[in-house]
>>> print(open('run11.txt').read())   # compact mmCIF, C-alpha atoms
# COMPACT_ATOMS: atom_id res chain seq x y z
CA MET A 293 -56.15 -6.46 -6.14
CA GLY A 294 -53.41 -6.46 -8.70
CA VAL A 295 -50.24 -7.85 -7.33
CA GLY A 296 -50.07 -10.92 -5.25
CA GLY A 297 -53.80 -11.44 -5.45
CA ASP A 298 -53.41 -15.12 -6.08
CA PHE A 299 -52.16 -15.58 -2.55
CA LYS A 300 -55.45 -14.29 -1.21
CA SER A 301 -57.40 -17.20 -2.50
CA ASP A 302 -54.83 -19.78 -1.60
CA PRO A 303 -52.54 -18.48 1.11
CA PRO A 304 -49.39 -20.56 1.35
CA GLU A 305 -49.00 -21.84 4.84
CA PHE A 306 -45.71 -21.01 6.38
CA SER A 307 -43.97 -24.26 6.95
CA THR A 308 -41.22 -25.08 9.39
CA ASP A 309 -40.32 -28.03 7.24
CA ALA A 310 -37.60 -26.76 4.98
CA SER A 311 -37.96 -29.73 2.67
CA GLU A 312 -41.21 -28.35 1.35
CA GLY A 313 -39.47 -25.47 -0.37
CA SER A 314 -35.76 -25.16 -0.85
CA ASN A 315 -33.40 -24.29 1.95
CA LEU A 316 -32.05 -20.82 1.45
CA ALA A 317 -29.38 -21.26 4.11
CA ARG A 318 -27.91 -24.36 2.52
CA ARG A 319 -27.96 -22.71 -0.86
CA SER A 320 -26.27 -19.61 0.55
CA VAL A 321 -23.46 -21.66 2.06
CA LEU A 322 -22.90 -23.44 -1.24
CA ILE A 323 -22.93 -20.17 -3.18
CA GLY A 324 -20.42 -18.64 -0.76
CA LEU A 325 -18.12 -21.65 -1.10
CA GLY A 326 -18.54 -21.69 -4.86
CA VAL A 327 -17.78 -18.00 -5.28
CA ALA A 328 -14.69 -18.26 -3.09
CA VAL A 329 -13.31 -21.30 -4.93
CA SER A 330 -14.05 -19.93 -8.38
CA SER A 331 -12.39 -16.61 -7.48
CA LEU A 332 -9.12 -18.52 -7.26
CA PHE A 333 -9.43 -19.31 -10.94
CA VAL A 334 -11.25 -16.35 -12.45
CA GLY A 335 -10.42 -13.57 -9.97
CA ALA A 336 -6.99 -12.74 -11.37
CA PRO A 337 -8.07 -12.71 -15.07
CA VAL A 338 -11.09 -10.55 -14.25
CA GLU A 339 -8.96 -8.14 -12.28
CA ASN A 340 -6.40 -7.91 -15.07
CA LEU A 341 -9.22 -7.29 -17.53
CA ILE A 342 -10.57 -4.46 -15.40
CA ARG A 343 -7.12 -2.96 -14.95
CA ASN A 344 -6.35 -3.09 -18.65
CA SER A 345 -9.70 -1.66 -19.69
CA THR A 346 -9.57 1.17 -17.15
CA SER A 347 -6.05 2.10 -18.19
CA LEU A 348 -7.29 2.23 -21.79
CA ILE A 349 -9.99 4.76 -20.96
CA GLY A 350 -7.62 6.92 -19.00
CA GLY A 351 -7.60 5.13 -15.68
CA GLY A 352 -6.01 7.52 -13.25
CA SER A 353 -8.33 8.40 -10.43
CA LEU A 354 -10.86 5.80 -11.49
CA THR A 355 -8.56 2.86 -10.93
CA SER A 356 -7.88 3.89 -7.35
CA PHE A 357 -11.55 3.29 -6.55
CA LEU A 358 -11.74 -0.06 -8.28
CA PRO A 359 -10.64 -3.33 -6.80
CA GLY A 360 -7.11 -4.02 -7.89
CA GLY A 361 -6.09 -0.43 -8.45
CA GLY A 362 -2.48 0.36 -7.76
CA PHE A 363 -0.38 0.50 -4.65
CA ARG A 364 -1.72 -0.04 -1.18
CA TYR A 365 0.18 1.85 1.45
CA TYR A 366 1.12 -0.14 4.49
CA THR A 367 2.60 1.05 7.71
CA VAL A 368 3.15 -1.02 10.83
CA THR A 369 3.35 1.92 13.21
CA GLY A 370 0.96 4.73 14.02
CA GLY A 371 1.11 6.54 10.70
CA TYR A 372 3.93 7.26 8.27
CA PRO A 373 7.23 8.31 9.80
CA LEU A 374 8.31 11.80 8.82
CA VAL A 375 11.87 11.88 7.55
CA ASP A 376 13.44 15.29 7.04
CA PRO A 377 15.19 15.13 3.63
CA SER A 378 17.70 17.83 4.52
CA SER A 379 19.08 16.01 7.55
CA TYR A 380 18.55 12.47 6.25
CA ARG A 381 21.56 10.11 6.35
CA LEU A 382 21.65 6.54 5.12
CA ARG A 383 24.15 4.68 7.31
CA ILE A 384 26.15 1.63 6.21
CA THR A 385 27.37 -0.03 9.40
CA GLY A 386 28.32 -3.35 10.97
CA LEU A 387 30.94 -5.70 9.55
CA VAL A 388 32.52 -3.22 7.17
CA ASP A 389 35.99 -1.82 6.94
CA THR A 390 34.73 1.76 6.79
CA ALA A 391 31.26 2.78 7.94
CA HIS A 392 29.79 5.42 5.67
CA SER A 393 26.72 7.56 5.71
CA TYR A 394 25.08 9.33 2.79
CA GLY A 395 22.83 12.34 2.51
CA LEU A 396 20.32 12.56 -0.31
CA ASP A 397 22.56 14.79 -2.40
CA GLU A 398 25.47 12.35 -1.99
CA LEU A 399 23.27 9.43 -3.06
CA ALA A 400 22.17 11.44 -6.10
CA ARG A 401 25.81 11.88 -7.21
CA LEU A 402 26.46 8.13 -7.24
CA ASN A 403 25.84 5.87 -10.20
CA GLN A 404 22.07 5.77 -10.76
CA VAL A 405 20.34 2.66 -12.02
CA GLU A 406 16.80 2.43 -13.35
CA LEU A 407 14.81 -0.76 -13.40
CA ILE A 408 11.23 -1.59 -14.29
CA ASP A 409 9.62 -4.39 -12.39
CA ASP A 410 6.30 -5.51 -10.97
CA PHE A 411 5.65 -4.80 -7.33
CA GLN A 412 4.06 -7.92 -5.92
CA CYS A 413 2.57 -7.99 -2.46
CA VAL A 414 2.41 -11.27 -0.59
CA THR A 415 -1.29 -10.74 0.04
CA GLY A 416 -1.97 -10.90 -3.67
CA TRP A 417 -2.10 -7.41 -5.12
CA VAL A 418 0.35 -6.38 -7.77
CA VAL A 419 1.37 -3.21 -9.56
CA ASN A 420 2.81 -3.94 -12.97
CA GLY A 421 5.74 -2.15 -14.52
CA VAL A 422 6.83 0.13 -11.70
CA ARG A 423 9.81 2.31 -12.68
CA TRP A 424 12.37 2.48 -9.89
CA ARG A 425 15.52 4.61 -9.80
CA GLY A 426 18.30 4.75 -7.28
CA VAL A 427 21.70 3.43 -6.29
CA PRO A 428 22.50 -0.31 -6.35
CA LEU A 429 22.87 -1.43 -2.76
CA ALA A 430 25.81 -3.61 -3.75
CA ASP A 431 27.71 -0.45 -4.82
CA LEU A 432 27.19 1.17 -1.42
CA ILE A 433 28.32 -1.99 0.35
CA GLU A 434 31.45 -2.32 -1.81
CA ARG A 435 32.37 1.29 -1.02
CA SER A 436 32.46 0.31 2.65
CA HIS A 437 34.50 -2.87 2.02
CA PRO A 438 32.61 -5.65 3.81
CA LEU A 439 34.67 -7.83 6.16
CA ALA A 440 35.10 -11.54 5.58
CA GLY A 441 32.55 -12.51 8.22
CA ALA A 442 29.74 -10.47 6.64
CA GLN A 443 27.13 -12.95 5.47
CA ALA A 444 23.88 -11.04 5.90
CA VAL A 445 22.58 -7.52 5.36
CA ASN A 446 20.10 -6.21 7.91
CA PHE A 447 17.86 -3.25 7.23
CA TYR A 448 16.24 -0.85 9.65
CA SER A 449 13.43 1.61 9.04
CA ALA A 450 13.09 5.14 10.37
CA ASP A 451 9.83 3.99 11.99
CA ASN A 452 12.04 2.14 14.53
CA VAL A 453 9.85 -0.96 14.24
CA TYR A 454 10.13 -2.43 10.78
CA SER A 455 13.23 -4.41 9.90
CA GLU A 456 14.26 -6.76 7.14
CA SER A 457 17.24 -8.80 6.03
CA LEU A 458 18.79 -10.47 3.02
CA THR A 459 21.92 -12.48 2.56
CA LEU A 460 24.86 -10.60 1.08
CA SER A 461 24.84 -12.91 -1.93
CA GLN A 462 21.15 -12.17 -2.52
CA VAL A 463 21.91 -8.45 -2.49
CA ARG A 464 24.59 -8.92 -5.13
CA LYS A 465 22.64 -11.39 -7.23
CA LEU A 466 19.24 -9.66 -7.31
CA GLY A 467 20.36 -6.11 -8.04
CA VAL A 468 18.72 -4.70 -4.93
CA LEU A 469 18.14 -0.97 -5.29
CA VAL A 470 18.34 1.83 -2.76
CA ALA A 471 15.47 3.65 -4.42
CA THR A 472 14.85 7.38 -4.37
CA TYR A 473 12.54 7.71 -7.37
CA LEU A 474 9.33 5.89 -8.32
CA ASP A 475 7.79 6.43 -11.75
CA ASP A 476 10.12 9.43 -12.25
CA LYS A 477 8.94 11.17 -9.11
CA PRO A 478 10.84 11.47 -5.83
CA LEU A 479 9.57 8.83 -3.43
CA SER A 480 6.60 10.16 -1.51
CA ARG A 481 6.27 9.76 2.22
CA ALA A 482 3.57 7.09 1.85
CA HIS A 483 5.81 5.16 -0.54
CA GLY A 484 8.62 5.13 2.01
CA GLY A 485 10.39 8.32 0.99
CA PRO A 486 12.88 9.75 0.86
CA VAL A 487 14.71 6.40 0.60
CA ARG A 488 13.45 2.84 0.50
CA LEU A 489 14.70 -0.49 -0.69
CA PHE A 490 13.45 -2.28 -3.76
CA VAL A 491 14.18 -6.01 -3.88
CA PRO A 492 13.43 -7.48 -7.32
CA LYS A 493 11.96 -11.00 -7.55
CA MET A 494 10.82 -10.94 -3.94
CA PHE A 495 7.54 -10.05 -2.27
CA GLY A 496 7.03 -6.44 -1.31
CA TYR A 497 7.59 -6.92 2.39
CA LYS A 498 11.33 -7.23 1.67
CA SER A 499 11.36 -3.75 0.13
CA ILE A 500 11.61 -1.92 3.43
CA LYS A 501 10.35 1.67 3.51
CA TRP A 502 11.93 4.71 5.19
CA LEU A 503 15.28 2.93 5.10
CA ASN A 504 17.87 4.58 7.31
CA GLU A 505 20.39 1.91 8.27
CA VAL A 506 22.04 -0.96 6.40
CA LYS A 507 24.01 -3.15 8.78
CA LEU A 508 26.25 -5.97 7.63
CA SER A 509 26.26 -8.89 9.98
CA SER A 510 27.27 -12.51 10.38
CA SER A 511 23.63 -13.54 10.62
CA ALA A 512 20.35 -12.34 9.18
CA LEU A 513 17.90 -10.77 11.61
CA VAL A 514 14.34 -12.07 11.76
CA GLY A 515 12.40 -9.23 10.19
CA TYR A 516 9.08 -7.73 11.16
CA TRP A 517 6.84 -9.88 8.96
CA GLU A 518 9.09 -12.91 9.35
CA GLN A 519 8.31 -12.72 13.07
CA ASN A 520 4.68 -12.82 11.98
CA GLY A 521 5.14 -15.99 9.98
CA TYR A 522 6.32 -14.84 6.55
CA PRO A 523 9.23 -16.76 5.03
CA GLN A 524 12.76 -15.41 5.13
CA ASP A 525 13.26 -16.36 1.48
CA ALA A 526 10.54 -14.30 -0.15
CA TYR A 527 11.05 -15.37 -3.76
CA ILE A 528 7.82 -14.77 -5.66
CA SER A 529 8.65 -17.64 -7.99
CA ASN A 530 8.33 -20.09 -5.10
CA TYR A 531 4.60 -19.40 -5.20
CA GLN A 532 3.94 -19.19 -8.89
CA GLY A 533 4.17 -22.73 -10.09
CA LEU A 534 2.56 -24.77 -7.35
CA MET B 268 -43.62 0.71 0.24
CA ILE B 269 -43.33 -2.67 1.79
CA GLY B 270 -45.28 -3.43 4.85
CA ASP B 271 -47.88 -0.76 5.48
CA ALA B 272 -50.91 -1.84 3.50
CA ASN B 273 -54.31 -2.01 5.14
CA GLY B 274 -52.91 -0.43 8.23
CA VAL B 275 -50.88 -3.53 8.88
CA SER B 276 -47.34 -2.50 9.46
CA LEU B 277 -44.39 -4.78 9.04
CA ASP B 278 -43.28 -3.54 12.42
CA THR B 279 -46.32 -4.75 14.27
CA LEU B 280 -46.95 -7.92 12.35
CA SER B 281 -46.23 -10.27 15.15
CA ALA B 282 -48.58 -8.44 17.50
CA SER B 283 -51.41 -10.66 16.41
CA SER B 284 -49.60 -13.79 17.52
CA ASN B 285 -48.58 -12.21 20.81
CA GLU B 286 -45.03 -13.35 20.44
CA PRO B 287 -42.05 -11.08 19.91
CA ARG B 288 -40.92 -10.73 16.34
CA PHE B 289 -37.39 -11.59 17.45
CA ILE B 290 -36.69 -13.66 20.51
CA ILE B 291 -33.69 -12.92 22.70
CA THR B 292 -31.40 -15.52 21.09
CA GLU B 293 -32.18 -14.14 17.65
CA ARG B 294 -31.36 -10.66 18.83
CA LEU B 295 -28.11 -11.83 20.42
CA ILE B 296 -27.09 -13.58 17.21
CA HIS B 297 -27.97 -10.51 15.18
CA TRP B 298 -26.12 -8.00 17.33
CA SER B 299 -23.00 -10.06 18.03
CA SER B 300 -22.65 -10.68 14.30
CA ALA B 301 -23.44 -7.04 13.57
CA LEU B 302 -20.74 -5.91 15.99
CA CYS B 303 -18.17 -8.15 14.28
CA PHE B 304 -19.38 -6.89 10.91
CA LEU B 305 -18.88 -3.26 11.91
CA VAL B 306 -15.40 -4.07 13.24
CA LEU B 307 -14.63 -5.82 9.94
CA LEU B 308 -15.93 -2.85 7.95
CA PHE B 309 -13.92 -0.37 9.99
CA THR B 310 -10.64 -2.29 10.13
CA GLY B 311 -11.07 -3.38 6.51
CA SER B 312 -11.42 0.25 5.44
CA LEU B 313 -8.25 1.13 7.33
CA LEU B 314 -6.41 -1.68 5.58
CA TYR B 315 -7.79 -0.95 2.13
CA PHE B 316 -7.95 2.80 1.61
CA PRO B 317 -4.59 4.56 1.31
CA SER B 318 -6.05 7.77 2.71
CA LEU B 319 -7.30 6.00 5.85
CA ALA B 320 -4.31 3.72 6.47
CA PRO B 321 -2.12 6.30 8.27
CA LEU B 322 -4.92 7.45 10.57
CA ILE B 323 -4.27 4.62 12.97
CA GLY B 324 -1.40 2.77 11.32
CA ASN B 325 -0.28 -0.29 13.28
CA ARG B 326 -1.05 -2.51 10.36
CA ALA B 327 -0.17 -5.78 12.08
CA LEU B 328 -2.56 -5.03 14.94
CA ILE B 329 -5.36 -3.96 12.60
CA VAL B 330 -4.82 -7.09 10.52
CA GLU B 331 -5.06 -9.21 13.66
CA ILE B 332 -8.29 -7.56 14.80
CA HIS B 333 -9.70 -7.95 11.30
CA ILE B 334 -8.86 -11.66 11.20
CA TYR B 335 -10.30 -12.35 14.67
CA ALA B 336 -13.51 -10.49 13.81
CA GLY B 337 -13.69 -12.49 10.58
CA PHE B 338 -13.52 -15.76 12.47
CA LEU B 339 -16.11 -14.55 14.97
CA VAL B 340 -18.70 -13.03 12.66
CA LEU B 341 -20.45 -16.26 11.72
CA LEU B 342 -19.74 -18.05 14.98
CA PRO B 343 -22.98 -17.06 16.82
CA LEU B 344 -25.11 -18.38 13.97
CA LEU B 345 -22.98 -21.52 13.69
CA LEU B 346 -23.23 -22.21 17.42
CA ALA B 347 -26.99 -21.64 17.28
CA VAL B 348 -27.38 -24.14 14.45
CA ILE B 349 -25.15 -26.70 16.15
CA TYR B 350 -26.45 -26.44 19.70
CA SER B 351 -30.14 -25.60 19.38
CA PRO B 352 -32.36 -28.69 19.64
CA SER B 353 -33.98 -29.47 16.32
CA HIS B 354 -37.50 -28.66 17.56
CA SER B 355 -36.58 -25.57 19.50
CA GLU B 356 -38.21 -22.20 18.98
CA LEU B 357 -34.92 -20.77 17.74
CA ARG B 358 -34.51 -23.50 15.14
CA ARG B 359 -38.08 -23.03 13.95
CA ARG B 360 -37.43 -19.32 13.54
CA LEU B 361 -34.13 -19.81 11.75
CA SER B 362 -35.66 -22.25 9.31
CA GLU B 363 -38.39 -19.74 8.61
CA LEU B 364 -35.71 -17.29 7.50
CA ALA B 365 -34.15 -20.04 5.40
CA SER B 366 -37.32 -21.23 3.74
CA TRP B 367 -37.82 -20.45 0.09
CA SER B 368 -40.76 -21.56 -1.97
CA ALA B 369 -42.71 -20.77 -5.11
CA SER B 370 -44.57 -18.04 -3.28
CA ASP B 371 -41.26 -16.32 -2.49
CA ARG B 372 -40.38 -16.32 -6.17
CA ALA B 373 -43.80 -14.93 -6.96
CA TRP B 374 -43.35 -12.23 -4.35
CA LEU B 375 -40.09 -11.14 -5.94
CA LYS B 376 -41.82 -10.70 -9.29
CA HIS B 377 -44.62 -8.69 -7.72
CA PRO B 378 -43.54 -7.34 -4.35
CA THR B 379 -46.79 -6.99 -2.53
CA LYS B 380 -47.74 -5.71 0.84
CA ALA B 381 -48.25 -7.04 4.27
CA SER B 382 -51.03 -9.44 3.38
CA TRP B 383 -48.37 -11.73 1.99
CA TYR B 384 -46.85 -12.68 5.29
CA HIS B 385 -49.58 -15.03 6.45
CA GLY B 386 -48.16 -15.16 9.91
CA GLY B 387 -44.55 -15.34 8.74
CA ARG B 388 -42.13 -12.67 9.78
CA PHE B 389 -40.11 -12.07 6.65
CA ASN B 390 -40.82 -11.11 3.10
CA SER B 391 -38.69 -12.61 0.36
CA GLY B 392 -36.47 -9.57 0.11
CA GLN B 393 -35.59 -9.85 3.78
CA LYS B 394 -34.83 -13.53 3.35
CA LEU B 395 -32.56 -12.72 0.43
CA ASN B 396 -30.82 -10.10 2.56
CA GLY B 397 -30.03 -12.78 5.10
CA ALA B 398 -28.95 -15.19 2.38
CA PHE B 399 -26.72 -12.54 0.84
CA PHE B 400 -24.92 -11.86 4.08
CA LEU B 401 -24.45 -15.57 4.76
CA SER B 402 -23.07 -16.25 1.28
CA SER B 403 -20.84 -13.25 1.14
CA LEU B 404 -19.47 -13.67 4.65
CA ILE B 405 -18.46 -17.23 3.78
CA ALA B 406 -16.84 -16.07 0.55
CA MET B 407 -15.05 -13.27 2.42
CA LEU B 408 -13.92 -15.66 5.15
CA LEU B 409 -12.41 -18.08 2.65
CA SER B 410 -10.76 -15.44 0.48
CA GLY B 411 -9.52 -13.75 3.64
CA LEU B 412 -7.95 -17.01 4.78
CA VAL B 413 -6.04 -17.27 1.51
CA MET B 414 -4.83 -13.67 1.90
CA GLY B 415 -4.11 -13.54 5.58
CA LEU B 416 -2.80 -16.93 6.58
CA TYR B 417 -0.14 -17.11 3.92
CA ILE B 418 -1.55 -20.31 2.50
CA PRO B 419 1.01 -21.30 -0.12
CA LEU B 420 -1.24 -21.23 -3.13
CA PRO B 421 -0.08 -20.08 -6.55
CA LEU B 422 0.19 -16.34 -6.86
CA SER B 423 -2.67 -16.01 -9.33
CA ASP B 424 -4.91 -17.73 -6.78
CA ARG B 425 -3.86 -15.24 -4.13
CA GLN B 426 -4.52 -12.41 -6.56
CA GLY B 427 -7.95 -13.85 -7.31
CA ALA B 428 -8.79 -14.14 -3.63
CA THR B 429 -7.67 -10.56 -3.04
CA PHE B 430 -9.82 -9.38 -5.91
CA LEU B 431 -12.86 -11.19 -4.53
CA HIS B 432 -12.20 -9.75 -1.08
CA ASP B 433 -11.99 -6.20 -2.51
CA PHE B 434 -15.04 -6.71 -4.68
CA GLY B 435 -17.00 -8.24 -1.80
CA PHE B 436 -16.11 -5.24 0.33
CA TYR B 437 -17.85 -2.90 -2.11
CA ILE B 438 -20.89 -5.10 -2.65
CA MET B 439 -21.37 -5.80 1.06
CA THR B 440 -21.02 -2.12 1.91
CA ILE B 441 -23.73 -1.25 -0.60
CA VAL B 442 -26.11 -3.96 0.65
CA PHE B 443 -25.35 -2.97 4.25
CA LEU B 444 -26.28 0.63 3.47
CA GLY B 445 -29.51 -0.67 1.95
CA HIS B 446 -30.12 -2.60 5.15
CA LEU B 447 -29.62 0.61 7.16
CA LEU B 448 -31.97 2.47 4.84
CA MET B 449 -34.66 -0.13 5.51
CA VAL B 450 -34.10 0.25 9.24
CA ILE B 451 -34.60 3.98 8.93
CA ARG B 452 -37.78 3.42 6.93
CA HIS B 453 -39.12 0.93 9.43
CA ARG B 454 -38.18 2.31 12.80
CA GLY B 455 -40.35 -0.29 14.49
CA SER B 456 -38.12 -3.07 13.20
CA PHE B 457 -35.21 -1.53 15.01
CA SER B 458 -36.95 -1.55 18.35
CA GLN B 459 -38.16 -5.10 17.69
CA MET B 460 -34.54 -6.08 17.14
CA THR B 461 -33.28 -4.20 20.18
CA PHE B 462 -35.64 -3.80 23.13
CA PRO B 463 -39.18 -4.71 22.06
CA ARG B 464 -41.91 -3.50 24.37
>>> encode(input="run11.txt", output="structure tokens")
Amino acid sequence: MGVGGDFKSDPPEFSTDASEGSNLARRSVLIGLGVAVSSLFVGAPVENLIRNSTSLIGGGSLTSFLPGGGFRYYTVTGGYPLVDPSSYRLRITGLVDTAHSYGLDELARLNQVELIDDFQCVTGWVVNGVRWRGVPLADLIERSHPLAGAQAVNFYSADNVYSESLTLSQVRKLGVLVATYLDDKPLSRAHGGPVRLFVPKMFGYKSIKWLNEVKLSSSALVGYWEQNGYPQDAYISNYQGL
Amino acid sequence: MIGDANGVSLDTLSASSNEPRFIITERLIHWSSALCFLVLLFTGSLLYFPSLAPLIGNRALIVEIHIYAGFLVLLPLLLAVIYSPSHSELRRRLSELASWSASDRAWLKHPTKASWYHGGRFNSGQKLNGAFFLSSLIAMLLSGLVMGLYIPLPLSDRQGATFLHDFGFYIMTIVFLGHLLMVIRHRGSFSQMTFPR
């Protein structure tokens, strides 16, 4: 007998005493712990390496199958809401002198701003260098002349579930964009099209998709993910230097 | 192929000792964990793949189910280890699965047939399968905690945990498919794990 013949002459007795050999279970637990802890240190560099090398060889469809490839599309309702672009209106309401609403063509005639920024999700994934284009939210708000009591800006999604909020000063300071284009293409439905928010310097959950109402208020609403424990102030930098 | 030399089939190995290959507590541990694993695989796929995400949507609910299943998946085994008396039949059987010796290493170099078992129930590959799932479930649980519970770690740590969780998803899916393939090859094992005669 070729393989394993040596066992024939001296069969190892199965032992219930784990100390005789090594304990596979204990080792497995330690390996699991070790892998998880070391991923905190090496996971991000490895992922960046993979992303950079796949983009060098063309990337594209390949990256979407690899860990760390591109956007992940989230929706909190049963599917993506369908917004008809021809009848779409973005409403500016609440504590303003004049409530306005804008169709897509009216938004397109306003001053367009382009900005390139990373899209960082709170769960850890990131898409570097996303090119956004749209109208600065601050412009739209100024056109409606906010009243003195307006401290917060509340956002509502066409899915009728998701909501978000910022302070008015954050909107002005951060250059929040009412985005209609992503990487030079009109926003797709999965990306929150036709109109979504992009909030620079904050985690992605602030950048509400399928935006259809901007309501100025004296107080900030507690948004969808904030109700689920995420912080109201979603500055990415708060979590970079700990 | 493993387990059918000399007419001795892996599936009927324990017949000689007149005891079931898997006792009821083992089977309960296996199937409760397996159920959680399938829920994790399904909800995880919904959360991960853009093409699947809109099928059911309700991300917050899916996330919640995923997290609960993640907490539950190792619980049966943990409870068994904590609450089974140290000389119980279950403990003896679990430590058999966890035993690893020079002969296991030798088996891996030269995978041989049923004569190896010497009354044991598992070959070294099967032990490694168990060890793999234990290790990777722990790694997935910890990286999932970093992702899902908003633990305020630096962003690069969160990115690393997410990467491990994604990577683990692929590896575990592949090993799980291998596990299914082995079940198909050894139908008897399936009945031993479900309703042995």
>>> residues_around(input="run11.txt", residues="Val368 of chain A", least_positions_apart="3", cutoff="9 Å", atoms="only C-alpha atoms", output="PyMOL selection string")
(chain A and resi 371-372+451+453-454+516) or (chain B and resi 324-328)
>>> closest_residue(input="run11.txt", among="B:Leu395, B:Ile290, B:Val348, B:Leu404", to="His446 of chain B", atoms="all atoms listed in the file")
B:Leu395
>>> residues_around(input="run11.txt", residues="Tyr522 of chain A", least_positions_apart="5", cutoff="10 Å", atoms="only C-alpha atoms", output="PyMOL selection string")
(chain A and resi 414+497+514-517) or (chain B and resi 416-417)
>>> atom_distance(input="run11.txt", atom1="atom CA of Trp374 of chain B", atom2="atom CA of Arg319 of chain A")
18.9 Å
>>> atom_distance(input="run11.txt", atom1="atom CA of Ile438 of chain B", atom2="atom CA of Ile405 of chain B")
13.9 Å
>>> residues_around(input="run11.txt", residues="Leu466 of chain A", least_positions_apart="6", cutoff="10 Å", atoms="all atoms listed in the file", output="list in words")
Pro428, Ala430, Val491, Pro492, Lys493 and Met494 of chain A
>>> closest_residue(input="run11.txt", among="B:Asn390, B:Ser355, B:Ser368, B:Thr440", to="chain A", atoms="only C-alpha atoms")
B:Ser368
>>> atom_distance(input="run11.txt", atom1="atom CA of Leu422 of chain B", atom2="atom CA of Ser529 of chain A")
8.6 Å
>>> closest_atom_pairs(input="run11.txt", of="segment 434-503 of chain A", to="segment 386-410 of chain A", cutoff="8 Å", atoms="only C-alpha atoms", output="Markdown table")
| residue | atom | partner | partner_atom | distance |
| --- | --- | --- | --- | --- |
| A:Ser436 | CA | A:Thr390 | CA | 4.9 |
| A:His437 | CA | A:Asp389 | CA | 5.2 |
| A:Pro438 | CA | A:Val388 | CA | 4.1 |
| A:Leu439 | CA | A:Val388 | CA | 5.2 |
| A:Gly441 | CA | A:Leu387 | CA | 7.1 |
| A:Ala442 | CA | A:Leu387 | CA | 5.7 |
| A:Leu469 | CA | A:Val405 | CA | 8.0 |
| A:Pro492 | CA | A:Asp409 | CA | 7.1 |
